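Source file: entry_37.txt (compact mmCIF, C-alpha atoms and all ligand atoms)
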```txt
# COMPACT_ATOMS: atom_id res chain seq x y z
CA MET W 220 0.00 0.00 0.00
CA LEU W 221 1.16 3.55 -0.75
CA PRO W 222 2.75 4.89 2.44
CA ALA W 223 0.68 8.10 2.16
CA LEU W 224 -2.50 6.05 1.82
CA GLU W 225 -1.59 3.97 4.83
CA LYS W 226 -1.07 7.12 6.89
CA LEU W 227 -4.36 8.55 5.64
CA LEU W 228 -6.17 5.36 6.64
CA VAL W 229 -4.82 5.61 10.17
CA LEU W 230 -5.84 9.27 10.22
CA GLN W 231 -9.30 8.39 8.93
CA HIS W 232 -9.72 5.83 11.70
CA CYS W 233 -8.93 8.56 14.25
CA ASP W 234 -11.20 11.10 12.52
CA GLN W 235 -14.05 8.61 12.41
CA GLN W 236 -13.76 8.10 16.15
CA ILE W 237 -13.76 11.88 16.71
CA ARG W 238 -16.83 12.12 14.49
CA ASP W 239 -18.66 9.32 16.32
CA VAL W 240 -17.87 10.82 19.71
CA THR W 241 -18.99 14.27 18.55
CA LEU W 242 -22.27 12.88 17.20
CA ALA W 243 -22.85 11.03 20.48
CA LEU W 244 -22.20 14.26 22.41
CA GLU W 245 -24.61 16.17 20.21
CA ALA W 246 -27.30 13.55 20.80
CA LEU W 247 -27.12 13.87 24.60
CA PRO W 248 -29.19 17.09 24.96
CA ARG W 249 -31.84 15.63 22.67
CA GLU W 250 -31.94 12.53 24.84
CA LYS W 251 -32.41 14.69 27.92
CA GLU W 252 -35.15 16.72 26.26
CA SER W 253 -36.99 13.58 25.27
CA CYS W 254 -36.75 12.32 28.88
CA ASP W 255 -38.09 15.63 30.18
CA ARG W 256 -40.99 15.44 27.74
CA ASP W 257 -41.83 11.89 28.88
CA VAL W 258 -41.84 12.99 32.53
CA ALA W 259 -44.09 15.95 31.71
CA ARG W 260 -46.51 13.75 29.80
CA ALA W 261 -46.79 11.24 32.65
CA ALA W 262 -47.31 14.06 35.16
CA GLN W 263 -49.95 15.63 32.93
CA ARG W 264 -51.99 12.42 32.80
CA LEU W 265 -51.83 12.17 36.58
CA ASP W 266 -52.74 15.83 37.08
CA ALA W 267 -55.75 15.55 34.78
CA ALA W 268 -57.12 12.55 36.71
CA GLN W 269 -56.52 14.28 40.05
CA ALA W 270 -58.19 17.49 38.87
CA ARG W 271 -61.25 15.57 37.71
CA ARG W 272 -61.50 13.79 41.06
CA ARG W 273 -61.35 17.13 42.91
CA GLU W 274 -64.13 18.40 40.65
CA LEU W 275 -66.28 15.37 41.40
CA GLU W 276 -65.73 15.67 45.15
CA LYS W 277 -66.69 19.34 44.99
CA GLU W 278 -69.83 18.65 43.02
CA LEU W 279 -70.87 15.77 45.28
CA LYS W 280 -70.52 18.07 48.29
CA LYS W 281 -72.58 20.75 46.58
CA LEU W 282 -75.31 18.22 45.80
CA ASP W 283 -75.38 17.16 49.47
CA GLY W 284 -76.03 20.81 50.28
CA ASP W 285 -78.80 21.01 47.68
CA ILE W 286 -80.54 17.98 49.19
CA LEU W 287 -80.29 19.47 52.65
CA VAL W 288 -81.90 22.71 51.45
CA LYS W 289 -84.72 20.81 49.80
CA LYS W 290 -85.34 18.70 52.90
CA GLU W 291 -85.57 21.80 55.07
CA GLN W 292 -87.97 23.27 52.54
CA ILE W 293 -90.15 20.15 52.74
CA ASN W 294 -90.17 20.36 56.55
CA ARG W 295 -91.29 24.01 56.37
CA TYR W 296 -94.04 23.13 53.90
CA LYS W 297 -95.24 20.32 56.15
CA THR W 298 -95.43 22.65 59.17
CA GLN W 299 -97.27 25.30 57.13
CA GLN W 300 -99.52 22.60 55.73
CA LEU W 301 -100.56 21.56 59.23
CA GLU W 302 -101.24 25.16 60.20
CA THR W 303 -103.42 26.09 57.27
CA ARG W 304 -107.20 25.72 57.32
CA LYS W 305 -107.70 26.48 53.66
CA ASN W 306 -108.13 23.52 51.37
CA GLU W 307 -106.47 25.20 48.36
CA GLU W 308 -103.40 26.09 50.42
CA TYR W 309 -103.24 22.57 51.76
CA THR W 310 -103.28 21.17 48.21
CA ALA W 311 -100.71 23.73 47.09
CA PHE W 312 -98.29 22.65 49.84
CA LEU W 313 -98.89 19.04 48.92
CA HIS W 314 -97.86 19.91 45.39
CA GLU W 315 -94.77 21.88 46.51
CA ILE W 316 -93.68 18.97 48.69
CA ALA W 317 -94.04 16.55 45.79
CA VAL W 318 -91.98 18.85 43.53
CA ALA W 319 -89.24 19.13 46.17
CA GLN W 320 -89.16 15.37 46.67
CA LYS W 321 -88.89 14.82 42.95
CA MET W 322 -85.94 17.21 42.83
CA ILE W 323 -84.26 15.36 45.69
CA ALA W 324 -84.68 12.10 43.79
CA GLU W 325 -83.08 13.66 40.71
CA VAL W 326 -80.16 15.03 42.68
CA GLU W 327 -79.64 11.63 44.32
CA GLU W 328 -79.57 9.99 40.92
CA ARG W 329 -76.97 12.49 39.76
CA GLN W 330 -74.96 11.77 42.91
CA LEU W 331 -75.05 8.08 42.18
CA SER W 332 -73.66 8.55 38.70
CA LEU W 333 -70.94 10.89 40.02
CA MET W 334 -69.98 8.32 42.64
CA GLU W 335 -69.70 5.69 39.93
CA GLU W 336 -67.42 8.00 37.98
CA THR W 337 -65.37 8.65 41.11
CA GLU W 338 -64.91 4.94 41.58
CA SER W 339 -63.68 4.32 38.04
CA LEU W 340 -61.55 7.46 38.25
CA THR W 341 -59.90 6.13 41.39
CA GLN W 342 -58.83 3.07 39.41
CA ASP W 343 -57.57 5.32 36.59
CA LEU W 344 -55.64 7.35 39.14
CA GLU W 345 -53.97 4.25 40.52
CA THR W 346 -52.99 3.23 36.98
CA ALA W 347 -51.75 6.73 36.15
CA GLN W 348 -49.83 6.90 39.40
CA ALA W 349 -48.18 3.53 38.76
CA ALA W 350 -47.31 4.51 35.17
CA HIS W 351 -45.92 7.80 36.43
CA ASP W 352 -43.74 6.04 39.01
CA VAL W 353 -42.40 3.57 36.44
CA GLU W 354 -41.71 6.39 34.00
CA LEU W 355 -39.89 8.47 36.60
CA LYS W 356 -37.76 5.51 37.63
CA ARG W 357 -36.87 4.66 34.03
CA ILE W 358 -36.04 8.25 33.15
CA GLY W 359 -34.16 8.81 36.39
CA LYS W 360 -31.87 5.94 35.43
CA ILE W 361 -31.20 7.40 31.98
CA LEU W 362 -30.64 10.91 33.32
CA SER W 363 -28.26 9.69 36.00
CA THR W 364 -25.98 8.21 33.32
CA LEU W 365 -26.03 11.28 31.04
CA ASP W 366 -23.46 13.33 32.93
CA GLY W 367 -21.09 10.41 33.23
CA ARG W 368 -21.46 9.58 29.55
CA ARG W 369 -20.87 13.19 28.61
CA GLU W 370 -17.71 13.34 30.70
CA ASN W 371 -16.37 10.11 29.17
CA LEU W 372 -17.12 11.29 25.64
CA LEU W 373 -15.45 14.66 26.21
CA LYS W 374 -12.40 12.96 27.65
CA ARG W 375 -12.22 10.52 24.74
CA ARG W 376 -12.57 13.32 22.20
CA GLU W 377 -9.82 15.30 23.89
CA GLU W 378 -7.50 12.30 23.69
CA LEU W 379 -8.25 11.79 20.00
CA VAL W 380 -7.86 15.46 19.14
CA GLN W 381 -4.48 15.50 20.85
CA GLU W 382 -3.45 12.34 19.03
CA ARG W 383 -4.42 13.68 15.59
CA PRO W 384 -1.51 16.03 14.77
CA ARG W 385 0.91 13.14 15.25
CA LEU W 386 -1.01 11.19 12.57
CA THR W 387 -0.96 13.93 9.95
CA GLY W 388 2.84 14.20 10.15
CA GLY W 389 4.53 13.26 6.87
CA ILE W 390 1.38 13.41 4.75
CA GLU W 391 1.71 15.69 1.73
CA GLU W 392 -0.34 18.86 2.02
CA ASP W 393 -2.46 18.29 -1.10
CA PHE W 394 -3.23 14.67 -0.14
CA LEU W 395 -4.29 15.83 3.28
CA GLU W 396 -6.50 18.59 1.87
CA ARG W 397 -8.12 16.21 -0.59
CA TYR W 398 -8.74 13.70 2.18
CA GLU W 399 -10.17 16.31 4.55
CA ARG W 400 -12.52 17.67 1.90
CA LEU W 401 -13.79 14.17 1.18
CA PHE W 402 -14.10 13.23 4.84
CA LYS W 403 -16.36 16.23 5.37
CA SER W 404 -18.48 15.87 2.23
CA LYS W 405 -18.78 12.07 2.45
CA GLU W 406 -19.72 12.08 6.12
CA GLY W 407 -16.73 10.25 7.50
CA SER W 408 -15.76 7.94 4.65
CA ALA W 409 -13.06 9.49 2.47
CA ILE W 410 -11.03 6.35 1.82
CA VAL W 411 -12.81 3.11 1.04
CA GLN W 412 -11.94 -0.36 -0.08
CA ILE W 413 -12.70 -1.93 -3.43
CA GLU W 414 -14.44 -5.21 -2.71
CA ASN W 415 -15.30 -7.58 -5.55
CA ASN W 416 -14.69 -4.69 -7.97
CA VAL W 417 -17.23 -2.52 -6.16
CA CYS W 418 -16.47 0.80 -4.46
CA MET W 419 -17.52 0.32 -0.82
CA GLY W 420 -18.38 4.03 -0.59
CA CYS W 421 -21.01 4.33 -3.31
CA HIS W 422 -21.45 0.61 -3.98
CA MET W 423 -21.00 1.05 -7.73
CA LYS W 424 -18.87 -1.21 -9.84
CA VAL W 425 -15.47 0.26 -10.72
CA THR W 426 -13.64 -0.44 -13.97
CA THR W 427 -10.96 -3.12 -14.21
CA GLN W 428 -8.58 -0.33 -15.07
CA THR W 429 -9.36 1.31 -11.70
CA VAL W 430 -8.87 -1.99 -9.88
CA LEU W 431 -5.54 -2.50 -11.61
CA ALA W 432 -4.43 1.06 -10.94
CA ALA W 433 -5.30 0.75 -7.28
CA ARG W 434 -3.51 -2.59 -7.16
CA ALA W 435 -0.40 -1.11 -8.78
CA GLU W 436 -0.07 1.19 -5.75
CA LYS W 437 1.75 3.86 -7.75
CA GLU W 438 -0.69 6.72 -7.17
CA MET W 439 -3.87 7.71 -5.35
CA ILE W 440 -6.88 6.33 -7.19
CA SER W 441 -10.36 7.80 -6.91
CA CYS W 442 -13.75 6.27 -7.58
CA SER W 443 -15.05 7.78 -10.81
CA GLN W 444 -18.61 7.71 -9.40
CA CYS W 445 -18.25 9.21 -5.91
CA GLY W 446 -14.72 10.59 -5.86
CA ARG W 447 -13.63 8.70 -2.74
CA ILE W 448 -10.04 7.55 -2.52
CA LEU W 449 -9.82 3.81 -3.18
CA TYR W 450 -7.57 1.03 -1.96
CA ASN W 451 -7.68 -2.48 -3.30
CA ASP W 452 -8.66 -5.72 -1.70
CA GLU W 453 -6.23 -8.62 -1.99
CA ASP W 454 -8.53 -10.99 -3.85
CA ASP W 455 -6.69 -12.11 -6.99
CA LEU W 456 -9.43 -14.49 -8.05
CA VAL W 457 -11.96 -11.74 -8.52
CA LEU W 458 -9.57 -9.93 -10.82
CA GLN W 459 -8.85 -13.05 -12.81
CA ARG W 460 -12.54 -13.67 -13.43
CA GLU W 461 -12.91 -10.25 -15.10
ZN ZN W 501 -17.52 5.24 -5.17
```
Output the file's structure as structure tokens, nothing else.
Amino acid sequence: MLPALEKLLVLQHCDQQIRDVTLALEALPREKESCDRDVARAAQRLDAAQARRRELEKELKKLDGDILVKKEQINRYKTQQLETRKNEEYTAFLHEIAVAQKMIAEVEERQLSLMEETESLTQDLETAQAAHDVELKRIGKILSTLDGRRENLLKRREELVQERPRLTGGIEEDFLERYERLFKSKEGSAIVQIENNVCMGCHMKVTTQTVLAARAEKEMISCSQCGRILYNDEDDLVLQRE
């Protein structure tokens, strides 16, 4: 292999690690955001169920009050009914009492349905609370590792960055520039192997002439399709079949 190519391959290995570490570092805040969103969602579900239960309790209490008022009203009517000597008034009170009793029955029916809702809501709350607890525990675990992972990644990147200048030593300036341009534009794969006459960068077939030129190891060979720098595999048989 061309000595320059060999050096570039070592450099590429280092650059790929720097790239991977950098991408992993960039993904960490997104991971944290997604955790925060999950926590908020779980809390929201719980809050909604709790708010509805408070509403129900309030309404049930109010209905108790309504019934009490109606019962007092009925008692007053009954007293007045006993005191009156007029037949029409007596009948009128009878009617008022019946109306009040009907209203009490309606309120009691409404109470019953609210109590049923409260019961099913209590089950929902238990489920929501359990889901919330599980979610918090899961996310807590992830979050607790984030700082440590970040520290490790930063440390690793620092080591690689410090190592890099040693690897570029002795590589001709124009080779290095060409490599660096490719590494950037081809997202971390500037130098690729030819395998079975195929460029492993773009996965297109290369010409026999390219294979031979790469094999000759006299100069840097590029893929005519994607422009990546190529190095040859050692498989003679493939070449002979051409
Ligand atoms: Zn290619």
**Request:** Return as a PyMOL selection string every polymer residue, whether protein, DNA or RNA, with at least one atom no more than 12 Å from an atom of ligand ZN 501 (chain W); count only C-alpha atoms and all ligand atoms.
**Result:** chain W and resi 401+405+408-414+416-426+429+440-450
Using C-alpha atoms, can you export the residues from the last selection as an mmCIF file, in the frame of the given file?
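Final output, saved to result20.cif:
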```cif
data_model
loop_
_atom_site.group_PDB
_atom_site.id
_atom_site.type_symbol
_atom_site.label_atom_id
_atom_site.label_comp_id
_atom_site.auth_asym_id
_atom_site.auth_seq_id
_atom_site.Cartn_x
_atom_site.Cartn_y
_atom_site.Cartn_z
ATOM 1 C CA LEU W 401 -13.790 14.170 1.180
ATOM 2 C CA LYS W 405 -18.780 12.070 2.450
ATOM 3 C CA SER W 408 -15.760 7.940 4.650
ATOM 4 C CA ALA W 409 -13.060 9.490 2.470
ATOM 5 C CA ILE W 410 -11.030 6.350 1.820
ATOM 6 C CA VAL W 411 -12.810 3.110 1.040
ATOM 7 C CA GLN W 412 -11.940 -0.360 -0.080
ATOM 8 C CA ILE W 413 -12.700 -1.930 -3.430
ATOM 9 C CA GLU W 414 -14.440 -5.210 -2.710
ATOM 10 C CA ASN W 416 -14.690 -4.690 -7.970
ATOM 11 C CA VAL W 417 -17.230 -2.520 -6.160
ATOM 12 C CA CYS W 418 -16.470 0.800 -4.460
ATOM 13 C CA MET W 419 -17.520 0.320 -0.820
ATOM 14 C CA GLY W 420 -18.380 4.030 -0.590
ATOM 15 C CA CYS W 421 -21.010 4.330 -3.310
ATOM 16 C CA HIS W 422 -21.450 0.610 -3.980
ATOM 17 C CA MET W 423 -21.000 1.050 -7.730
ATOM 18 C CA LYS W 424 -18.870 -1.210 -9.840
ATOM 19 C CA VAL W 425 -15.470 0.260 -10.720
ATOM 20 C CA THR W 426 -13.640 -0.440 -13.970
ATOM 21 C CA THR W 429 -9.360 1.310 -11.700
ATOM 22 C CA ILE W 440 -6.880 6.330 -7.190
ATOM 23 C CA SER W 441 -10.360 7.800 -6.910
ATOM 24 C CA CYS W 442 -13.750 6.270 -7.580
ATOM 25 C CA SER W 443 -15.050 7.780 -10.810
ATOM 26 C CA GLN W 444 -18.610 7.710 -9.400
ATOM 27 C CA CYS W 445 -18.250 9.210 -5.910
ATOM 28 C CA GLY W 446 -14.720 10.590 -5.860
ATOM 29 C CA ARG W 447 -13.630 8.700 -2.740
ATOM 30 C CA ILE W 448 -10.040 7.550 -2.520
ATOM 31 C CA LEU W 449 -9.820 3.810 -3.180
ATOM 32 C CA TYR W 450 -7.570 1.030 -1.960
#
```
**Complete:** CA of Ile323 in chain W sits from CA of Leu275 in chain W at a separation of 18.5 Å
**Request:** Provide the CA of Leu265 in chain W to CA of Glu336 in chain W distance in Å, to one decimal place.
**Result:** 16.2 Å
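Using only C-alpha atoms, the nearest neighbour of Leu242 in chain W within the list W:Glu327, W:Glu399, W:Glu345, W:Glu406 is W:Glu406.
Atom to atom, CA of Ala433 in chain W and CA of Gly388 in chain W stand 23.5 Å apart.
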Per-residue nearest contacts range 258-277 of chain W to range 355-377 of chain W, cut-off 10 Å, using only C-alpha atoms, as JSON lines:
```
{"residue": "W:Val258", "atom": "CA", "partner": "W:Leu355", "partner_atom": "CA", "distance": 6.4}
{"residue": "W:Ala259", "atom": "CA", "partner": "W:Leu355", "partner_atom": "CA", "distance": 9.9}
{"residue": "W:Ala261", "atom": "CA", "partner": "W:Leu355", "partner_atom": "CA", "distance": 8.4}
{"residue": "W:Ala262", "atom": "CA", "partner": "W:Leu355", "partner_atom": "CA", "distance": 9.4}
```
Write a file of the just-selected residues containing C-alpha atoms, as an mmCIF file, in the coordinates of the input.
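Saved result, result.cif, follows:
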```cif
data_model
loop_
_atom_site.group_PDB
_atom_site.id
_atom_site.type_symbol
_atom_site.label_atom_id
_atom_site.label_comp_id
_atom_site.auth_asym_id
_atom_site.auth_seq_id
_atom_site.Cartn_x
_atom_site.Cartn_y
_atom_site.Cartn_z
ATOM 1 C CA VAL W 258 -41.840 12.990 32.530
ATOM 2 C CA ALA W 259 -44.090 15.950 31.710
ATOM 3 C CA ALA W 261 -46.790 11.240 32.650
ATOM 4 C CA ALA W 262 -47.310 14.060 35.160
#
```
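Nearest to Gly407 in chain W of all the residues W:Lys297, W:Lys226, W:Lys305, W:Arg238 is W:Arg238, counting only C-alpha atoms.
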**Message:** Excluding range 392-397 of chain W and its own-chain neighbours fewer than 3 positions away, which residues fall within 9 Å of it when counting all atoms listed in the file? Please give them as a VMD selection string.
**Reply:** chain W and resid 223 to 224 227 387 389 400 to 402 409 439
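Each of W:Leu301, W:Glu438, W:Asp255, W:Arg273 was checked against Glu354 in chain W using only C-alpha atoms; the smallest atom-to-atom distance is that of W:Asp255.
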**Message:** List the spatial neighbours of Arg264 in chain W as an MDAnalysis selection string - criterion: any atom at most 7 Å away, all atoms listed in the file, same-chain residues fewer than 4 positions off excluded.
**Reply:** chainID W and resid 260 268 347
Write a file of the selected residues as a compact mmCIF listing (two decimals), in the coordinates of the input, keeping C-alpha atoms.
```
# COMPACT_ATOMS: atom_id res chain seq x y z
CA ARG W 260 -46.51 13.75 29.80
CA ALA W 268 -57.12 12.55 36.71
CA ALA W 347 -51.75 6.73 36.15
```
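Closest approach to Gly284 in chain W among W:Val326, W:Leu333, W:Leu221, W:Cys233 is made by W:Val326 (distances from all atoms listed in the file).
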